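**Student:** Quick one: the structure is below, questions incoming.
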Amino acid sequence: MERLKDRVAVITGAASGIGYATAKRFAEEGAKVVVVDLNEEVGNQVATELGGTYIKANVTSEEDVQRMYKVAFDTYGRIDIAFNNAGISPPDDDSILTTGIDAWRRVQEVNLTSVYLCCKYVLPYMQKAGKGSIINTASFVATMGAATSQISYTASKGGVLAMSRELGVQFAREGIRVNALSPGPVNTPLLRELFAKDPERAARRLVHIPFGRFAEASEIAAAVAFLASDDSSFITAANFLVDGGISGAYVTPLSE
């Protein structure tokens with residue numbers, strides 16, 4: 001199935017985790033993939049593997065974001081899909097009582113301001129084409145409180161969700177769809193690192209998931225591919241939860 005045949009997709013944070021899984025899925029569905037990441041070595045490897053283009057960019061830099069879309073457009077002549085996925089979840093972002101202002105600002109810059117910049121500078125390309133799909137990575141914690149506090153991360157993802165809704169409404173009549181993707185905990189290097197450093201904190205996340213397991217990155221990528229494709233042509237300004245039932249559960253059943 002090639003739902004994305006010949007479409008051009010720009011993916012930030014595409015060298016690992018959800019970003020890489022999505023780049024792979026997009027390529028399998030026929031898209032030309034623009035791999036955006038700060039990791040040059042891995043980014044180039046991913047682009048080569050998928051027959052795409054690698055662009056090194058710091059998504060918190062206005063100039064870098066403008067340049068990455070210009071390069072993507074100059075290379076392929078169009079931009080159909082923007083998956084604004086780059087984000088961080090550092091250990092110094094914790095309870096509001098202990099998280100310092102520098103940690104707060106750093107997470108806001110990477111997780112929220114970057115999405116603002118990526119949307120701001122891709123929209124004109126899509127307006128000219130009269131169509132496009134923007135998918136912004138939020139989180140289930142934008143919908144409900146987290147079991148383990150990460151105050152700036154949670155606030156940033158709430159911002160991503162609110163911004164996605166507003167943009168989805170604003171640009172719908174121009175043929176541009178904007179949706180927030182809200183994953184639950186995903187089996188990525190970031191989560192595995194948390195398990196290694198603090199198994200108890202990581203285990204607290206697992207107990208809240210009705211499925212009793214974390215998502216695989218490929219499962220999240222499948223949801224992104226749906227939002228990018230015409231199969232979701234009447235979906236915009238939505239909070240697309242892919243959380244294993246977390247947000248729907250009052251309590252989770254005990255294992256037998």
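Ordered as shown in the structure tokens, chains take letters A, B, and onward, while each chain numbers its residues from 1 and ligands are numbered from 1 in the order shown.
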Each residue of range 66-167 of chain A with at least one atom at most 9 Å from range 43-57 of chain A should appear once, together with its nearest atom pair and the corresponding distance in Å (one decimal); atoms considered: only C-alpha atoms; ordering: chain, then increasing residue number; output as a Markdown table.
**Tutor:**
```
| residue | atom | partner | partner_atom | distance |
| --- | --- | --- | --- | --- |
| A:Arg67 | CA | A:Ala57 | CA | 8.3 |
| A:Met68 | CA | A:Ile55 | CA | 6.4 |
| A:Val71 | CA | A:Ile55 | CA | 8.0 |
| A:Ala72 | CA | A:Thr53 | CA | 8.0 |
| A:Thr75 | CA | A:Thr53 | CA | 8.5 |
```
**Student:** Based on DSSP run over this structure's backbone, return all residues of range 12-100 of chain A in alpha helix (DSSP H), as an MDAnalysis selection string.
**Tutor:** chainID A and resid 17:28 40:50 62:76
**Student:** Need the shell around Glu219 in chain A: protein/DNA/RNA residues with any atom at most 10 Å away, counting only C-alpha atoms. Skip same-chain ones fewer than 3 positions apart. Format as number ranges by chain?
**Tutor:** A: 18, 21-22, 183, 186, 215-216, 222-224, 242
**Student:** Counting only C-alpha atoms, figure out which residue out of A:Val34, A:Ile235, A:Ala27, A:Ala225 gets nearest to Gly175 in chain A.
**Tutor:**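 For Gly175 in chain A, the nearest of the given residues is A:Ile235.
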**Student:** Identify, on the basis of only C-alpha atoms, every residue whose closest approach to Asp92 in chain A does not exceed 9 Å; exclude the query and any residue fewer than 6 positions from it along the same chain; express the result as a list in words.
**Tutor:**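 Answer for this query is Thr98, Thr99, Gly100, Ala103, Trp104 and Gln150 of chain A.
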**Student:** Which residues in range 192-249 of chain A does DSSP call strand (DSSP E)? List them as a ChimeraX atom specification.
**Tutor:** /A:239-242
**Student:** Which residue out of A:Ala146, A:Leu123, A:Ile88, A:Leu117 has the minimum interatomic distance to Arg204 in chain A when only C-alpha atoms are used?
**Tutor:**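 Using only C-alpha atoms, the shortest distance to Arg204 in chain A belongs to A:Ala146.
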**Student:** If you count only C-alpha atoms, which residues fall within 12 Å of Glu166 in chain A, apart from same-chain ones fewer than 5 positions away, as a ChimeraX atom specification?
**Tutor:** /A:116,119,159-161,171-172,177-180,236-239
**Student:** Mind writing the picked residues with N, CA, C and O atoms as a short mmCIF file (atom, residue, chain, number, x, y, z; two decimals), in the first residue's frame?
**Tutor:**
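Result went into part18.cif, see below:
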```cif
data_model
loop_
_atom_site.label_atom_id
_atom_site.label_comp_id
_atom_site.auth_asym_id
_atom_site.auth_seq_id
_atom_site.Cartn_x
_atom_site.Cartn_y
_atom_site.Cartn_z
N TYR A 116 6.21 25.59 17.07
CA TYR A 116 5.75 26.89 16.58
C TYR A 116 6.53 27.30 15.33
O TYR A 116 5.94 27.69 14.32
N CYS A 119 5.81 24.92 12.28
CA CYS A 119 4.50 25.19 11.67
C CYS A 119 4.52 26.52 10.93
O CYS A 119 4.03 26.61 9.79
N GLY A 159 0.88 22.73 25.43
CA GLY A 159 0.99 23.83 24.47
C GLY A 159 0.92 23.34 23.03
O GLY A 159 0.27 23.95 22.17
N VAL A 160 1.61 22.24 22.75
CA VAL A 160 1.58 21.65 21.41
C VAL A 160 0.15 21.27 21.02
O VAL A 160 -0.30 21.52 19.90
N LEU A 161 -0.56 20.66 21.96
CA LEU A 161 -1.93 20.25 21.69
C LEU A 161 -2.83 21.45 21.41
O LEU A 161 -3.57 21.47 20.42
N PHE A 171 -6.58 26.86 9.43
CA PHE A 171 -6.15 26.59 8.06
C PHE A 171 -6.96 25.51 7.34
O PHE A 171 -6.63 25.14 6.22
N ALA A 172 -8.04 25.04 7.98
CA ALA A 172 -8.83 23.96 7.38
C ALA A 172 -9.37 24.34 6.00
O ALA A 172 -9.34 23.52 5.07
N ARG A 177 -4.43 20.32 6.96
CA ARG A 177 -4.85 19.69 8.20
C ARG A 177 -3.72 19.73 9.22
O ARG A 177 -2.56 19.51 8.86
N VAL A 178 -4.07 20.03 10.47
CA VAL A 178 -3.08 20.06 11.55
C VAL A 178 -3.63 19.27 12.72
O VAL A 178 -4.71 19.57 13.23
N ASN A 179 -2.91 18.24 13.11
CA ASN A 179 -3.34 17.38 14.20
C ASN A 179 -2.22 17.16 15.21
O ASN A 179 -1.04 17.24 14.87
N ALA A 180 -2.62 16.90 16.44
CA ALA A 180 -1.66 16.53 17.49
C ALA A 180 -1.68 15.02 17.67
O ALA A 180 -2.75 14.42 17.78
N THR A 236 -9.01 17.02 11.42
CA THR A 236 -8.10 18.13 11.70
C THR A 236 -8.42 18.70 13.07
O THR A 236 -9.51 18.47 13.61
N ALA A 237 -7.47 19.40 13.64
CA ALA A 237 -7.61 20.00 14.98
C ALA A 237 -7.90 18.94 16.04
O ALA A 237 -8.52 19.22 17.06
N ALA A 238 -7.43 17.72 15.79
CA ALA A 238 -7.75 16.60 16.67
C ALA A 238 -6.58 16.26 17.60
O ALA A 238 -5.42 16.53 17.28
N ASN A 239 -6.94 15.65 18.73
CA ASN A 239 -5.96 15.06 19.62
C ASN A 239 -6.00 13.56 19.38
O ASN A 239 -6.91 12.87 19.84
#
```
**Student:** Quick one: of A:Ser95, A:Arg78, A:Glu109, A:Ile135, who's nearest to Ser232 in chain A, counting only C-alpha atoms?
**Tutor:**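 Of A:Ser95, A:Arg78, A:Glu109, A:Ile135, the one nearest Ser232 in chain A, counting only C-alpha atoms, is A:Ile135.
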**Student:** Point out the residue among A:Ile134, A:Leu38, A:Ala203, A:Val122 with the least atom-to-atom distance to Ser229 in chain A, counting only C-alpha atoms.
**Tutor:**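 Comparing A:Ile134, A:Leu38, A:Ala203, A:Val122 against Ser229 in chain A, the winner is A:Ile134.
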**Student:** Show me, as a compact mmCIF listing (two decimals) with C-alpha atoms, in the first residue's frame, the residues that have an atom within 7 Å of Ala14 in chain A when counting only C-alpha atoms, minus same-chain residues fewer than 4 positions from it.
**Tutor:**
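Wrote it out as selection_31.txt, contents follow:
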```txt
# COMPACT_ATOMS: atom_id res chain seq x y z
CA GLY A 19 10.97 9.80 14.17
CA TYR A 20 13.02 7.01 12.62
CA ALA A 23 10.53 7.92 8.35
CA VAL A 35 15.42 13.43 7.60
CA VAL A 36 16.04 16.31 10.03
CA ASP A 37 18.23 15.70 13.06
```
**Student:** Work out how far apart CA of Ile11 in chain A and CA of Ile79 in chain A are and give it in Å to one decimal.
**Tutor:**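 That distance, rounded to one decimal, is 11.0 Å.
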**Student:** Considering only C-alpha atoms, state which residue in the set A:Tyr76, A:Phe83, A:Phe240, A:Tyr69 is at the smallest distance from Ala228 in chain A.
**Tutor:**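 When distances to Ala228 in chain A are compared using only C-alpha atoms, the smallest one comes from A:Phe83.
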**Student:** Given only C-alpha atoms as the basis, pick out the residue of A:Glu200, A:Glu40, A:Asp94, A:Glu193 nearest to Ile151 in chain A.
**Tutor:** A:Asp94
**Student:** Rounded to one decimal place, report the CA of Ser114 in chain A-CA of Thr60 in chain A distance in Å.
**Tutor:** 4.8 Å
